Amino acid sequence: MKLDSFLNKAAILAKKRDYEGALNFLKDEEEKYYGSYKYYYLYGIICLYSGNYAEAHENFNLARKIKINEPDLMLCFAVLYLKRMDTVQAVHYYLEVQELDPKNKIAKKALAVIRKYSAGEALSDWMTENLSKLFPPIPAPSVTPKTIVNISLIFAAAVIFAFIILISVKVMPNPFKSKNQRPTAEFKLSDQDRRESVQVEGSYKYILTRDQAINYYDKALSLFTSYRDEEAKKSLNRILESNAPEGIKSRARLLMDNMQVPGFDNFKRADNPSFADVRNESAIYRNVHVIWKGMATNVTVTDEGTTFDFLVGYDTRKTLEGIVPVVFSVPVAINIERPLEILGRITLGSSYSDIMLEGVAIHQSGKLEN
């Protein structure tokens, strides 16, 4: 399991058996990782090693809502059932792990232990000293010592230098030419799409020539190729709100349907529009994801979700850029006394001026106070 730099620090602390320090470290950024499988699993596994089984179970349940068939997660549930002497459920999970990963050593060992100590008292005695032997390992932190980094940098520089030489003499193709680019063949405009006439009947927000519509689409496809989905949506929305040919509009809808929902960790802030940008030309920002700072007020939390009014720009308590209704489809804990960042998708009401946010994630920590 690959961890980001923050989760990596928590894993390092846990590997040093500083479980309390690792958990406190994770708690500080809980809202940032809302909906993150890696966060819930790491938090749960550290709780497991620290002996806090109740909190471990709670976080494993959150992780299971995101990913169901993960062998390590199943091992965690199995060992928790084993701790409760519910061997039937434990065996069920261990057998499922073996189906997914026939060579899993922990599942094999656990089933052998259950068979050997079939009497309840014998199994209980064995677990008193040995239960931790059935725990999945804490996710390994990435290697961070400076010496390893320096060696890696030197090695990388040597490899790049060798590549440059080989490419320059055409011994091998350029391996960087299409690196990190999405395949786009299925989204390219056909010759027929490029020849189709614009629509002449109807009411549209933007009037485009056929060449303009094609240029906007080609620009969006280029941005999509570079994983700049939110910026690409602006050009696609301009097409969809215009008299562009129906063939190009269909391609625009297909392209938009294949875009990813960003997280705080991979959101490209350089493409993040301001509230003023959206207010001034809201039509091209429909379904665009943004990260805005501010304060929450009129918060309502139910089992079905969370709603509140977001005071955009009021995180400094000096400037209020606007008030935007926010809706989350799940209950979310919010401290109305502290500023927050919201990652959300812009939706528009019947009027283009009715700007709303469909919440994706919230980041609320003491760092935003500064």
# chains A, B, ... in the order shown; residues from 1 in each chain; ligands from 1
call {"tool": "residues_around", "arguments": {"residues": "Ser282 in chain A", "least_positions_apart": "3", "cutoff": "7 Å", "atoms": "only C-alpha atoms", "output": "list in words"}}
result
Val278, Arg279, Tyr285, Arg286, Tyr352 and Ser353 of chain A
call {"tool": "write_last_selection", "arguments": {"atoms": "N, CA and C atoms", "output": "PDB file, in the first residue's frame"}}
result
ATOM      1  N   VAL A 278     -16.492  32.165 -10.894  1.00  0.00           N
ATOM      2  CA  VAL A 278     -17.708  31.366 -11.070  1.00  0.00           C
ATOM      3  C   VAL A 278     -18.943  32.259 -11.124  1.00  0.00           C
ATOM      4  N   ARG A 279     -18.980  33.247 -10.280  1.00  0.00           N
ATOM      5  CA  ARG A 279     -20.141  34.146 -10.251  1.00  0.00           C
ATOM      6  C   ARG A 279     -20.267  34.925 -11.564  1.00  0.00           C
ATOM      7  N   TYR A 285     -18.813  26.749 -15.510  1.00  0.00           N
ATOM      8  CA  TYR A 285     -18.266  26.069 -14.338  1.00  0.00           C
ATOM      9  C   TYR A 285     -19.195  24.986 -13.801  1.00  0.00           C
ATOM     10  N   ARG A 286     -20.266  24.679 -14.516  1.00  0.00           N
ATOM     11  CA  ARG A 286     -21.169  23.618 -14.074  1.00  0.00           C
ATOM     12  C   ARG A 286     -20.388  22.294 -13.961  1.00  0.00           C
ATOM     13  N   TYR A 352     -28.803  30.616 -13.557  1.00  0.00           N
ATOM     14  CA  TYR A 352     -27.354  30.454 -13.563  1.00  0.00           C
ATOM     15  C   TYR A 352     -26.703  31.109 -12.355  1.00  0.00           C
ATOM     16  N   SER A 353     -27.397  32.041 -11.729  1.00  0.00           N
ATOM     17  CA  SER A 353     -26.823  32.747 -10.581  1.00  0.00           C
ATOM     18  C   SER A 353     -26.943  31.947  -9.289  1.00  0.00           C
TER      19      SER A 353
END
call {"tool": "atom_distance", "arguments": {"atom1": "CA of Asp211 in chain A", "atom2": "CA of His289 in chain A"}}
result
27.8 Å
call {"tool": "select_by_dssp", "arguments": {"residues": "range 160-293 of chain A", "states": "helix (DSSP H, G or I)", "output": "PDB file with C-alpha atoms, in the first residue's frame"}}
result
ATOM      1  CA  ILE A 160      18.365  10.093 -17.264  1.00  0.00           C
ATOM      2  CA  PHE A 161      21.752  11.015 -18.677  1.00  0.00           C
ATOM      3  CA  ALA A 162      22.008   7.593 -20.299  1.00  0.00           C
ATOM      4  CA  PHE A 163      18.482   7.917 -21.711  1.00  0.00           C
ATOM      5  CA  ILE A 164      19.277  11.310 -23.200  1.00  0.00           C
ATOM      6  CA  ILE A 165      22.323   9.897 -24.961  1.00  0.00           C
ATOM      7  CA  LEU A 166      20.423   6.887 -26.301  1.00  0.00           C
ATOM      8  CA  ILE A 167      17.506   9.018 -27.461  1.00  0.00           C
ATOM      9  CA  SER A 168      19.768  11.584 -29.093  1.00  0.00           C
ATOM     10  CA  ALA A 185      -8.517   7.505 -29.208  1.00  0.00           C
ATOM     11  CA  GLU A 186     -12.168   6.841 -28.320  1.00  0.00           C
ATOM     12  CA  PHE A 187     -12.824  10.540 -27.626  1.00  0.00           C
ATOM     13  CA  ASP A 191     -14.331  13.400 -39.781  1.00  0.00           C
ATOM     14  CA  GLN A 192     -18.120  13.458 -39.767  1.00  0.00           C
ATOM     15  CA  ASP A 193     -18.165  15.315 -36.423  1.00  0.00           C
ATOM     16  CA  ARG A 194     -15.798  17.911 -37.866  1.00  0.00           C
ATOM     17  CA  ARG A 195     -17.957  18.414 -40.960  1.00  0.00           C
ATOM     18  CA  ARG A 210     -18.108  25.192 -36.282  1.00  0.00           C
ATOM     19  CA  ASP A 211     -14.363  25.896 -36.153  1.00  0.00           C
ATOM     20  CA  GLN A 212     -14.699  27.503 -32.720  1.00  0.00           C
ATOM     21  CA  ALA A 213     -16.614  24.486 -31.398  1.00  0.00           C
ATOM     22  CA  ILE A 214     -13.947  22.137 -32.768  1.00  0.00           C
ATOM     23  CA  ASN A 215     -11.154  24.236 -31.245  1.00  0.00           C
ATOM     24  CA  TYR A 216     -12.831  24.243 -27.828  1.00  0.00           C
ATOM     25  CA  TYR A 217     -13.229  20.462 -27.986  1.00  0.00           C
ATOM     26  CA  ASP A 218      -9.634  19.877 -29.083  1.00  0.00           C
ATOM     27  CA  LYS A 219      -8.450  22.105 -26.241  1.00  0.00           C
ATOM     28  CA  ALA A 220     -10.555  20.154 -23.717  1.00  0.00           C
ATOM     29  CA  LEU A 221      -9.226  16.837 -25.027  1.00  0.00           C
ATOM     30  CA  SER A 222      -5.645  18.074 -24.695  1.00  0.00           C
ATOM     31  CA  LEU A 223      -6.301  19.130 -21.088  1.00  0.00           C
ATOM     32  CA  PHE A 224      -8.003  15.797 -20.360  1.00  0.00           C
ATOM     33  CA  THR A 225      -4.941  13.992 -21.699  1.00  0.00           C
ATOM     34  CA  ASP A 229     -10.141  17.665 -15.905  1.00  0.00           C
ATOM     35  CA  GLU A 230     -11.531  20.747 -14.175  1.00  0.00           C
ATOM     36  CA  GLU A 231      -9.955  23.108 -16.691  1.00  0.00           C
ATOM     37  CA  ALA A 232     -11.168  20.914 -19.558  1.00  0.00           C
ATOM     38  CA  LYS A 233     -14.751  21.114 -18.278  1.00  0.00           C
ATOM     39  CA  LYS A 234     -14.810  24.861 -18.905  1.00  0.00           C
ATOM     40  CA  SER A 235     -14.375  24.365 -22.654  1.00  0.00           C
ATOM     41  CA  LEU A 236     -16.811  21.439 -22.679  1.00  0.00           C
ATOM     42  CA  ASN A 237     -19.471  23.454 -20.845  1.00  0.00           C
ATOM     43  CA  ARG A 238     -19.080  26.271 -23.343  1.00  0.00           C
ATOM     44  CA  ILE A 239     -19.793  23.740 -26.103  1.00  0.00           C
ATOM     45  CA  LEU A 240     -22.795  22.254 -24.284  1.00  0.00           C
ATOM     46  CA  GLU A 246     -24.860  17.680 -31.804  1.00  0.00           C
ATOM     47  CA  GLY A 247     -22.057  15.263 -32.661  1.00  0.00           C
ATOM     48  CA  ILE A 248     -19.495  17.434 -30.874  1.00  0.00           C
ATOM     49  CA  LYS A 249     -21.872  17.875 -27.935  1.00  0.00           C
ATOM     50  CA  SER A 250     -22.243  14.078 -27.640  1.00  0.00           C
ATOM     51  CA  ARG A 251     -18.457  13.700 -27.571  1.00  0.00           C
ATOM     52  CA  ALA A 252     -18.262  16.447 -24.935  1.00  0.00           C
ATOM     53  CA  ARG A 253     -20.749  14.607 -22.698  1.00  0.00           C
ATOM     54  CA  LEU A 254     -18.866  11.316 -23.143  1.00  0.00           C
ATOM     55  CA  LEU A 255     -15.558  12.959 -22.299  1.00  0.00           C
ATOM     56  CA  MET A 256     -17.002  14.606 -19.195  1.00  0.00           C
ATOM     57  CA  ASP A 257     -18.490  11.286 -18.039  1.00  0.00           C
ATOM     58  CA  ARG A 269      -4.895  24.159  -7.493  1.00  0.00           C
ATOM     59  CA  ALA A 270      -3.502  26.082 -10.434  1.00  0.00           C
ATOM     60  CA  ASP A 271      -6.824  25.385 -12.183  1.00  0.00           C
ATOM     61  CA  PHE A 275     -15.743  32.495  -6.376  1.00  0.00           C
ATOM     62  CA  ALA A 276     -15.702  35.691  -8.452  1.00  0.00           C
ATOM     63  CA  ASP A 277     -14.754  33.691 -11.568  1.00  0.00           C
ATOM     64  CA  VAL A 278     -17.708  31.366 -11.070  1.00  0.00           C
ATOM     65  CA  ARG A 279     -20.141  34.146 -10.251  1.00  0.00           C
ATOM     66  CA  ASN A 280     -19.161  36.150 -13.335  1.00  0.00           C
ATOM     67  CA  SER A 282     -21.243  30.432 -13.915  1.00  0.00           C
ATOM     68  CA  ALA A 283     -22.424  28.493 -16.992  1.00  0.00           C
ATOM     69  CA  ILE A 284     -18.929  27.278 -17.903  1.00  0.00           C
ATOM     70  CA  TYR A 285     -18.266  26.069 -14.338  1.00  0.00           C
TER      71      TYR A 285
END
call {"tool": "residues_around", "arguments": {"residues": "range 2-19 of chain A", "least_positions_apart": "5", "cutoff": "8 Å", "atoms": "only C-alpha atoms", "output": "NGL selection string"}}
result
:A and (25-26 or 38-39 or 42 or 46-47 or 49-50 or 138-142)
call {"tool": "residues_around", "arguments": {"residues": "Lys32 in chain A", "least_positions_apart": "2", "cutoff": "7 Å", "atoms": "only C-alpha atoms", "output": "list in words"}}
result
Glu29, Glu30, Tyr34, Ile362, His363 and Gln364 of chain A
call {"tool": "residues_around", "arguments": {"residues": "range 200-206 of chain A", "least_positions_apart": "6", "cutoff": "7 Å", "atoms": "only C-alpha atoms", "output": "list in words"}}
result
Arg238, Glu241, Ser242 and Asn243 of chain A
call {"tool": "write_last_selection", "arguments": {"atoms": "N, CA and C atoms", "output": "PDB file, in the first residue's frame"}}
result
ATOM      1  N   ARG A 238     -18.819  25.225 -22.350  1.00  0.00           N
ATOM      2  CA  ARG A 238     -19.080  26.271 -23.343  1.00  0.00           C
ATOM      3  C   ARG A 238     -19.700  25.646 -24.601  1.00  0.00           C
ATOM      4  N   GLU A 241     -23.381  24.582 -23.844  1.00  0.00           N
ATOM      5  CA  GLU A 241     -24.300  25.714 -23.692  1.00  0.00           C
ATOM      6  C   GLU A 241     -24.413  26.512 -24.997  1.00  0.00           C
ATOM      7  N   SER A 242     -23.914  25.936 -26.081  1.00  0.00           N
ATOM      8  CA  SER A 242     -23.868  26.680 -27.341  1.00  0.00           C
ATOM      9  C   SER A 242     -24.671  25.975 -28.440  1.00  0.00           C
ATOM     10  N   ASN A 243     -24.562  26.531 -29.626  1.00  0.00           N
ATOM     11  CA  ASN A 243     -25.214  25.974 -30.817  1.00  0.00           C
ATOM     12  C   ASN A 243     -24.284  25.009 -31.549  1.00  0.00           C
TER      13      ASN A 243
END
call {"tool": "residues_around", "arguments": {"residues": "Trp126 in chain A", "least_positions_apart": "3", "cutoff": "12 Å", "atoms": "only C-alpha atoms", "output": "PyMOL selection string"}}
result
chain A and resi 82-83+85+110+113-114+116-123+129-134
call {"tool": "residues_around", "arguments": {"residues": "Ile342 in chain A", "least_positions_apart": "3", "cutoff": "9 Å", "atoms": "only C-alpha atoms", "output": "list in words"}}
result
Val290, Ile291, Trp292, Lys293, Gly294, Phe310, Leu357, Gly359, Val360, Ala361, Ile362, His363 and Gln364 of chain A
call {"tool": "write_last_selection", "arguments": {"atoms": "C-alpha atoms", "output": "PDB file, in the first residue's frame"}}
result
ATOM      1  CA  VAL A 290     -13.306  23.667  -6.624  1.00  0.00           C
ATOM      2  CA  ILE A 291     -11.530  24.092  -3.302  1.00  0.00           C
ATOM      3  CA  TRP A 292     -12.697  27.180  -1.446  1.00  0.00           C
ATOM      4  CA  LYS A 293     -11.901  28.440   2.046  1.00  0.00           C
ATOM      5  CA  GLY A 294     -14.415  29.974   4.409  1.00  0.00           C
ATOM      6  CA  PHE A 310     -20.728  28.301   3.299  1.00  0.00           C
ATOM      7  CA  LEU A 357     -21.749  22.980  -3.950  1.00  0.00           C
ATOM      8  CA  GLY A 359     -19.612  18.332  -1.095  1.00  0.00           C
ATOM      9  CA  VAL A 360     -16.833  15.827  -1.747  1.00  0.00           C
ATOM     10  CA  ALA A 361     -14.499  16.393   1.213  1.00  0.00           C
ATOM     11  CA  ILE A 362     -13.710  18.851   3.998  1.00  0.00           C
ATOM     12  CA  HIS A 363     -10.379  19.894   5.432  1.00  0.00           C
ATOM     13  CA  GLN A 364     -10.617  21.578   8.815  1.00  0.00           C
TER      14      GLN A 364
END
call {"tool": "atom_distance", "arguments": {"atom1": "CA of Ala22 in chain A", "atom2": "CA of Ile45 in chain A"}}
result
11.1 Å
